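Here is entry-v4.cif, consisting of mmCIF, C-alpha atoms:
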```
data_my_file
loop_
_atom_site.label_atom_id
_atom_site.label_comp_id
_atom_site.auth_asym_id
_atom_site.auth_seq_id
_atom_site.Cartn_x
_atom_site.Cartn_y
_atom_site.Cartn_z
CA GLN A 96 0.00 0.00 0.00
CA LYS A 97 1.48 3.29 -1.09
CA GLU A 98 1.26 5.84 1.71
CA VAL A 99 2.01 9.48 2.30
CA GLU A 100 2.21 10.60 5.91
CA GLN A 101 1.90 14.08 7.34
CA ASN A 102 1.59 15.51 10.84
CA SER A 103 -2.09 16.30 11.18
CA GLY A 104 -1.47 19.38 13.30
CA PRO A 105 -2.80 21.84 13.93
CA LEU A 106 0.46 23.70 13.54
CA SER A 107 0.27 27.19 14.98
CA VAL A 108 2.86 29.86 14.17
CA PRO A 109 2.87 33.63 14.81
CA GLU A 110 2.55 36.03 11.92
CA GLY A 111 5.91 36.64 10.25
CA ALA A 112 7.42 33.34 11.42
CA ILE A 113 8.54 30.37 9.31
CA ALA A 114 6.09 27.49 9.05
CA SER A 115 7.61 24.08 8.38
CA LEU A 116 5.41 21.31 6.99
CA ASN A 117 6.71 17.76 6.64
CA CYS A 118 5.75 14.73 4.60
CA THR A 119 7.14 11.20 4.24
CA TYR A 120 6.26 8.64 1.60
CA SER A 121 6.54 4.88 1.37
CA ASP A 122 6.77 4.29 -2.39
CA ARG A 123 10.33 4.62 -3.67
CA GLY A 124 8.86 4.68 -7.17
CA SER A 125 7.34 8.09 -6.50
CA GLN A 126 9.06 10.63 -8.70
CA SER A 127 7.21 13.91 -8.34
CA PHE A 128 5.71 15.62 -5.33
CA PHE A 129 3.14 18.33 -4.93
CA TRP A 130 2.03 20.66 -2.16
CA TYR A 131 -1.57 21.84 -2.28
CA ARG A 132 -3.27 24.42 -0.09
CA GLN A 133 -6.92 23.86 0.78
CA TYR A 134 -9.11 26.42 2.47
CA SER A 135 -12.09 25.12 4.41
CA GLY A 136 -14.89 24.08 2.05
CA LYS A 137 -12.82 24.76 -1.06
CA SER A 138 -10.90 22.58 -3.49
CA PRO A 139 -7.11 22.14 -3.30
CA GLU A 140 -4.90 24.57 -5.19
CA LEU A 141 -1.30 23.87 -6.18
CA ILE A 142 1.40 25.71 -4.24
CA MET A 143 4.59 23.97 -5.33
CA PHE A 144 5.83 20.89 -7.13
CA ILE A 145 9.26 19.27 -6.96
CA TYR A 146 10.85 16.23 -8.57
CA SER A 147 14.59 16.75 -8.11
CA ASN A 148 16.53 16.30 -4.90
CA GLY A 149 17.28 19.56 -3.16
CA ASP A 150 15.44 22.83 -2.71
CA LYS A 151 13.05 24.71 -4.95
CA GLU A 152 12.03 28.26 -4.09
CA ASP A 153 9.05 30.28 -5.28
CA GLY A 154 8.48 33.55 -3.47
CA ARG A 155 7.81 32.85 0.22
CA PHE A 156 7.61 29.10 -0.39
CA THR A 157 10.47 26.58 -0.48
CA ALA A 158 9.96 22.90 -1.20
CA GLN A 159 12.64 20.39 -0.23
CA LEU A 160 12.98 16.82 -1.47
CA ASN A 161 15.26 14.08 -0.16
CA LYS A 162 14.61 10.87 -2.08
CA ALA A 163 17.09 8.84 -0.05
CA SER A 164 15.15 9.64 3.13
CA GLN A 165 11.77 9.63 1.33
CA TYR A 166 11.05 13.03 2.79
CA VAL A 167 9.41 16.16 1.39
CA SER A 168 8.93 19.45 3.16
CA LEU A 169 7.41 22.87 2.58
CA LEU A 170 8.70 26.01 4.26
CA ILE A 171 6.59 29.14 4.33
CA ARG A 172 8.54 32.26 5.20
CA ASP A 173 6.97 35.43 6.62
CA SER A 174 3.75 33.52 7.36
CA GLN A 175 0.55 35.52 6.97
CA PRO A 176 -2.91 34.90 8.45
CA SER A 177 -4.07 34.23 4.88
CA ASP A 178 -1.75 31.18 4.86
CA SER A 179 -4.03 29.54 7.45
CA ALA A 180 -5.33 26.46 5.64
CA THR A 181 -4.79 22.72 5.32
CA TYR A 182 -1.72 21.72 3.32
CA LEU A 183 -1.85 18.46 1.40
CA CYS A 184 1.27 16.60 0.27
CA ALA A 185 0.94 14.27 -2.74
CA GLY A 186 3.27 11.95 -4.58
CA ARG A 187 3.04 10.64 -8.13
CA ASP A 188 4.79 7.49 -9.34
CA ASN A 189 7.17 7.20 -12.26
CA TYR A 190 4.47 5.73 -14.45
CA GLY A 191 2.72 9.06 -14.17
CA GLN A 192 -0.54 7.55 -13.09
CA ASN A 193 -2.14 8.09 -9.74
CA PHE A 194 -1.54 10.63 -7.05
CA VAL A 195 -1.30 9.50 -3.44
CA PHE A 196 -2.35 12.20 -0.98
CA GLY A 197 -1.42 12.58 2.66
CA PRO A 198 -4.07 13.42 5.26
CA GLY A 199 -3.05 17.08 5.33
CA THR A 200 -1.58 19.38 7.97
CA ARG A 201 -3.74 22.20 9.30
CA LEU A 202 -1.76 25.43 9.66
CA SER A 203 -2.93 28.35 11.76
CA VAL A 204 -1.05 31.65 11.50
CA LEU A 205 -1.82 33.83 14.50
CA PRO A 206 -1.92 37.62 14.00
CA ASP B 285 -10.64 29.84 -19.78
CA GLY B 286 -9.51 26.24 -19.42
CA GLY B 287 -10.51 24.34 -16.33
CA ILE B 288 -12.60 21.68 -14.66
CA THR B 289 -16.27 22.22 -13.93
CA GLN B 290 -18.16 20.19 -11.38
CA SER B 291 -21.89 20.39 -10.92
CA PRO B 292 -23.92 20.79 -8.90
CA LYS B 293 -22.08 22.55 -6.07
CA TYR B 294 -24.52 21.14 -3.50
CA LEU B 295 -26.56 17.95 -3.85
CA PHE B 296 -29.04 16.30 -1.55
CA ARG B 297 -29.85 12.63 -1.80
CA LYS B 298 -32.71 10.73 -0.28
CA GLU B 299 -32.19 7.28 1.16
CA GLY B 300 -32.13 4.61 -1.57
CA GLN B 301 -31.66 7.09 -4.40
CA ASN B 302 -28.93 7.13 -7.05
CA VAL B 303 -27.39 10.50 -7.88
CA THR B 304 -24.90 11.54 -10.55
CA LEU B 305 -22.17 14.14 -10.12
CA SER B 306 -20.95 15.86 -13.26
CA CYS B 307 -17.31 16.60 -14.12
CA GLU B 308 -16.26 18.29 -17.36
CA GLN B 309 -12.78 19.49 -18.37
CA ASN B 310 -11.54 21.48 -21.36
CA LEU B 311 -7.84 21.09 -20.60
CA ASN B 312 -7.41 18.23 -23.09
CA HIS B 313 -6.17 16.02 -20.25
CA ASP B 314 -6.18 12.26 -20.73
CA ALA B 315 -6.43 11.31 -17.05
CA MET B 316 -9.36 12.07 -14.78
CA TYR B 317 -9.95 11.19 -11.14
CA TRP B 318 -12.67 11.19 -8.51
CA TYR B 319 -11.81 11.70 -4.85
CA ARG B 320 -13.88 11.69 -1.69
CA GLN B 321 -13.02 13.91 1.27
CA ASP B 322 -14.60 13.54 4.69
CA PRO B 323 -14.36 16.31 7.32
CA GLY B 324 -10.80 16.70 8.59
CA GLN B 325 -9.56 13.94 6.29
CA GLY B 326 -7.37 13.70 3.22
CA LEU B 327 -8.42 12.69 -0.28
CA ARG B 328 -9.36 9.10 -1.00
CA LEU B 329 -9.41 7.82 -4.59
CA ILE B 330 -12.74 6.43 -5.81
CA TYR B 331 -12.14 5.83 -9.54
CA TYR B 332 -9.69 6.99 -12.16
CA SER B 333 -9.47 6.89 -15.94
CA GLN B 334 -6.37 7.21 -18.08
CA ILE B 335 -8.09 7.07 -21.48
CA VAL B 336 -11.56 7.17 -22.98
CA ASN B 337 -13.67 4.03 -22.46
CA ASP B 338 -11.36 2.74 -19.73
CA PHE B 339 -11.39 3.27 -15.98
CA GLN B 340 -10.10 1.54 -12.84
CA LYS B 341 -11.27 1.26 -9.26
CA GLY B 342 -9.49 3.24 -6.62
CA ASP B 343 -9.30 2.54 -2.90
CA ILE B 344 -12.99 3.08 -2.09
CA ALA B 345 -14.96 2.19 -5.25
CA GLU B 346 -17.75 0.19 -3.58
CA GLY B 347 -21.12 1.88 -4.03
CA TYR B 348 -19.90 4.13 -6.87
CA SER B 349 -19.85 3.83 -10.65
CA VAL B 350 -18.34 5.91 -13.45
CA SER B 351 -18.22 6.16 -17.23
CA ARG B 352 -15.74 7.75 -19.63
CA GLU B 353 -17.43 7.99 -23.02
CA LYS B 354 -15.78 11.28 -23.89
CA LYS B 355 -12.34 12.66 -23.08
CA GLU B 356 -13.89 15.76 -21.55
CA SER B 357 -16.39 14.08 -19.25
CA PHE B 358 -16.13 11.72 -16.26
CA PRO B 359 -19.44 11.53 -14.36
CA LEU B 360 -19.67 9.76 -11.00
CA THR B 361 -22.83 7.97 -9.87
CA VAL B 362 -23.34 7.46 -6.17
CA THR B 363 -25.59 4.43 -5.90
CA SER B 364 -27.93 3.35 -3.12
CA ALA B 365 -25.32 0.71 -2.24
CA GLN B 366 -23.09 3.48 -0.82
CA LYS B 367 -24.31 3.53 2.76
CA ASN B 368 -22.53 6.66 3.92
CA PRO B 369 -22.30 9.01 0.93
CA THR B 370 -22.30 12.34 2.77
CA ALA B 371 -18.95 13.90 1.84
CA PHE B 372 -17.15 16.44 -0.35
CA TYR B 373 -16.45 15.02 -3.82
CA LEU B 374 -13.58 16.32 -5.91
CA CYS B 375 -12.90 15.68 -9.57
CA ALA B 376 -9.41 16.20 -10.96
CA SER B 377 -7.57 15.83 -14.24
CA SER B 378 -3.97 15.62 -15.33
CA THR B 379 -1.60 14.80 -18.13
CA GLY B 380 1.11 12.19 -17.64
CA GLY B 381 4.63 12.46 -16.31
CA ASN B 382 5.47 14.90 -13.53
CA THR B 383 2.51 17.24 -13.98
CA GLU B 384 0.08 18.20 -11.26
CA ALA B 385 -3.58 17.38 -10.79
CA PHE B 386 -6.05 20.19 -11.47
CA PHE B 387 -9.19 20.17 -9.34
CA GLY B 388 -12.76 21.23 -9.89
CA GLN B 389 -14.56 23.27 -7.24
CA GLY B 390 -16.15 20.18 -5.68
CA THR B 391 -19.65 18.87 -4.98
CA ARG B 392 -20.92 18.61 -1.44
CA LEU B 393 -23.33 15.67 -1.17
CA THR B 394 -25.66 15.32 1.79
CA VAL B 395 -28.08 12.50 2.55
CA VAL B 396 -31.45 13.75 3.81
#
```
Structure translated into structure tokens:
Amino acid sequence: QKEVEQNSGPLSVPEGAIASLNCTYSDRGSQSFFWYRQYSGKSPELIMFIYSNGDKEDGRFTAQLNKASQYVSLLIRDSQPSDSATYLCAGRDNYGQNFVFGPGTRLSVLP
Amino acid sequence: DGGITQSPKYLFRKEGQNVTLSCEQNLNHDAMYWYRQDPGQGLRLIYYSQIVNDFQKGDIAEGYSVSREKKESFPLTVTSAQKNPTAFYLCASSTGGNTEAFFGQGTRLTVV
């Protein structure tokens, strides 16, 4: 069974701080990884994707991938109250078929 | 604008009734997916389709059925055999390789 694990949270950080979200996966065949943000009652929206080992930065967001450790993370710098949402980690295998989603981590940024 | 359209946004089902959720995409994506999300939970795969006229069961297919007669459309029927259908249903589509899944706005189904 392919699994993606995340800390369910809630993770609370003060405004302006760095939020660190973590994800581990069981399938070594997973090649690409995605971070989605989901506001309550809404559909997920893509924040970042990564498929090479190392860091990938986009504005306030940095995704990190370590395939040897089967670990993916998302850092949010200068956290804002509008970042308060559930963050879903997903992996996709090298056959490019299905996505396996983690249970999500709920982030609360306190003003 | 390209995207995925789900309808209706809210749906109420009576006990013993079948209901169909619509999902249409104009992104020219080959793959389409249906997920179920319960409160405070992640996404669970119901069915997926990689090409027209072919689809496979996901992790929780019992009580659901789908069809893929056109590339653009992937409707989901929630049958009376699904005993606990109240949930948020999400349709997604994607191309192959390392690309992401694009989601529709979701359908919230409630049993009354």
Set the distance at 6 Å and use all atoms listed in the file: which residues neighbour stretch 115-121 of chain A once local chain neighbours fewer than 4 positions away are removed? I'd like the list as a compact mmCIF listing (two decimals) with C-alpha atoms, keeping the file's coordinate frame.
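out.txt was written with the following content:
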```txt
# COMPACT_ATOMS: atom_id res chain seq x y z
CA LYS A 97 1.48 3.29 -1.09
CA GLU A 98 1.26 5.84 1.71
CA VAL A 99 2.01 9.48 2.30
CA GLU A 100 2.21 10.60 5.91
CA GLN A 101 1.90 14.08 7.34
CA GLN A 165 11.77 9.63 1.33
CA TYR A 166 11.05 13.03 2.79
CA VAL A 167 9.41 16.16 1.39
CA SER A 168 8.93 19.45 3.16
CA LEU A 169 7.41 22.87 2.58
CA LEU A 170 8.70 26.01 4.26
```
Original post:
Using all atoms listed in the file, which residue out of B:Cys307, B:Val350, B:Leu393, B:Leu329 lies closest to B:Asn368?
Top reply: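 Of the candidates, the smallest distance to B:Asn368 is held by B:Leu393.
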What are the closest atom pairs, with distances in Å to one decimal, for each residue of chain A lying within 6 Å of chain B, using only C-alpha atoms, rows by chain and rising residue number, as a tab-separated table?
```
residue	atom	partner	partner_atom	distance
A:Ser127	CA	B:Asn382	CA	5.6
A:Ser138	CA	B:Gln389	CA	5.3
A:Gly191	CA	B:Gly381	CA	4.4
A:Pro198	CA	B:Gly326	CA	3.9
A:Gly199	CA	B:Gly326	CA	5.9
```
I need the residue set behind the PyMOL selection byres ((chain B and resi 359) around 9) for this file; please write it as a PDB file with C-alpha atoms, keeping the file's coordinate frame.
```
ATOM      1  CA  THR B 304     -24.900  11.540 -10.550  1.00  0.00           C
ATOM      2  CA  LEU B 305     -22.170  14.140 -10.120  1.00  0.00           C
ATOM      3  CA  SER B 306     -20.950  15.860 -13.260  1.00  0.00           C
ATOM      4  CA  CYS B 307     -17.310  16.600 -14.120  1.00  0.00           C
ATOM      5  CA  GLU B 308     -16.260  18.290 -17.360  1.00  0.00           C
ATOM      6  CA  TRP B 318     -12.670  11.190  -8.510  1.00  0.00           C
ATOM      7  CA  SER B 349     -19.850   3.830 -10.650  1.00  0.00           C
ATOM      8  CA  VAL B 350     -18.340   5.910 -13.450  1.00  0.00           C
ATOM      9  CA  SER B 351     -18.220   6.160 -17.230  1.00  0.00           C
ATOM     10  CA  ARG B 352     -15.740   7.750 -19.630  1.00  0.00           C
ATOM     11  CA  SER B 357     -16.390  14.080 -19.250  1.00  0.00           C
ATOM     12  CA  PHE B 358     -16.130  11.720 -16.260  1.00  0.00           C
ATOM     13  CA  LEU B 360     -19.670   9.760 -11.000  1.00  0.00           C
ATOM     14  CA  THR B 361     -22.830   7.970  -9.870  1.00  0.00           C
TER      15      THR B 361
END
```
Original post:
Do you know which residues the PyMOL selection byres ((chain A and resi 157) around 10) returns on this file, as a count of residues only?
Top reply: 19
For stretch 137-161 of chain A, which lacks atoms in the input, supply N, CA, C and O atoms and format the output as a short mmCIF file (atom, residue, chain, number, x, y, z; two decimals), in the frame of the given file.
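result.cif was written with the following content:
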```
data_model
loop_
_atom_site.label_atom_id
_atom_site.label_comp_id
_atom_site.auth_asym_id
_atom_site.auth_seq_id
_atom_site.Cartn_x
_atom_site.Cartn_y
_atom_site.Cartn_z
N LYS A 137 -13.25 24.49 0.31
CA LYS A 137 -12.82 24.76 -1.06
C LYS A 137 -12.00 23.59 -1.60
O LYS A 137 -11.63 22.68 -0.88
N SER A 138 -11.71 23.63 -2.89
CA SER A 138 -10.90 22.58 -3.49
C SER A 138 -9.41 22.90 -3.35
O SER A 138 -9.04 24.07 -3.15
N PRO A 139 -8.56 21.89 -3.43
CA PRO A 139 -7.11 22.14 -3.30
C PRO A 139 -6.57 22.96 -4.46
O PRO A 139 -7.01 22.82 -5.61
N GLU A 140 -5.59 23.81 -4.15
CA GLU A 140 -4.90 24.57 -5.19
C GLU A 140 -3.40 24.34 -5.05
O GLU A 140 -2.86 24.27 -3.94
N LEU A 141 -2.73 24.20 -6.18
CA LEU A 141 -1.30 23.87 -6.18
C LEU A 141 -0.46 25.04 -5.67
O LEU A 141 -0.63 26.18 -6.10
N ILE A 142 0.45 24.73 -4.74
CA ILE A 142 1.40 25.71 -4.24
C ILE A 142 2.76 25.51 -4.89
O ILE A 142 3.36 26.43 -5.41
N MET A 143 3.26 24.28 -4.83
CA MET A 143 4.59 23.97 -5.33
C MET A 143 4.62 22.54 -5.85
O MET A 143 3.87 21.69 -5.38
N PHE A 144 5.52 22.27 -6.78
CA PHE A 144 5.83 20.89 -7.13
C PHE A 144 7.35 20.75 -7.18
O PHE A 144 8.08 21.71 -7.41
N ILE A 145 7.82 19.53 -6.95
CA ILE A 145 9.26 19.27 -6.96
C ILE A 145 9.50 17.85 -7.37
O ILE A 145 8.75 16.94 -6.98
N TYR A 146 10.52 17.60 -8.19
CA TYR A 146 10.85 16.23 -8.57
C TYR A 146 12.35 15.97 -8.58
O TYR A 146 12.78 14.87 -8.91
N SER A 147 13.16 16.97 -8.23
CA SER A 147 14.59 16.75 -8.11
C SER A 147 15.02 16.92 -6.67
O SER A 147 14.48 17.77 -5.95
N ASN A 148 15.99 16.15 -6.25
CA ASN A 148 16.53 16.30 -4.90
C ASN A 148 17.02 17.72 -4.68
O ASN A 148 17.58 18.34 -5.58
N GLY A 149 16.80 18.23 -3.48
CA GLY A 149 17.28 19.56 -3.16
C GLY A 149 16.13 20.51 -2.86
O GLY A 149 15.05 20.08 -2.48
N ASP A 150 16.40 21.79 -3.02
CA ASP A 150 15.44 22.83 -2.71
C ASP A 150 14.90 23.48 -3.97
O ASP A 150 15.60 23.59 -4.98
N LYS A 151 13.66 23.93 -3.87
CA LYS A 151 13.05 24.71 -4.95
C LYS A 151 12.29 25.86 -4.31
O LYS A 151 11.45 25.63 -3.44
N GLU A 152 12.62 27.08 -4.73
CA GLU A 152 12.03 28.26 -4.09
C GLU A 152 11.10 28.98 -5.06
O GLU A 152 11.36 29.09 -6.25
N ASP A 153 9.98 29.47 -4.50
CA ASP A 153 9.05 30.28 -5.28
C ASP A 153 8.43 31.30 -4.33
O ASP A 153 7.52 30.97 -3.56
N GLY A 154 8.98 32.51 -4.37
CA GLY A 154 8.48 33.55 -3.47
C GLY A 154 8.73 33.18 -2.02
O GLY A 154 9.85 32.90 -1.62
N ARG A 155 7.67 33.17 -1.22
CA ARG A 155 7.81 32.85 0.22
C ARG A 155 7.87 31.35 0.48
O ARG A 155 8.03 30.93 1.63
N PHE A 156 7.70 30.54 -0.54
CA PHE A 156 7.61 29.10 -0.39
C PHE A 156 8.90 28.41 -0.86
O PHE A 156 9.46 28.77 -1.90
N THR A 157 9.35 27.42 -0.09
CA THR A 157 10.47 26.58 -0.48
C THR A 157 10.09 25.13 -0.26
O THR A 157 9.69 24.75 0.85
N ALA A 158 10.18 24.33 -1.31
CA ALA A 158 9.96 22.90 -1.20
C ALA A 158 11.32 22.20 -1.16
O ALA A 158 12.26 22.62 -1.84
N GLN A 159 11.41 21.16 -0.36
CA GLN A 159 12.64 20.39 -0.23
C GLN A 159 12.33 18.92 -0.43
O GLN A 159 11.33 18.42 0.08
N LEU A 160 13.17 18.24 -1.20
CA LEU A 160 12.98 16.82 -1.47
C LEU A 160 14.27 16.06 -1.18
O LEU A 160 15.35 16.46 -1.64
N ASN A 161 14.15 14.98 -0.44
CA ASN A 161 15.26 14.08 -0.16
C ASN A 161 14.78 12.67 -0.46
O ASN A 161 14.09 12.04 0.35
#
```
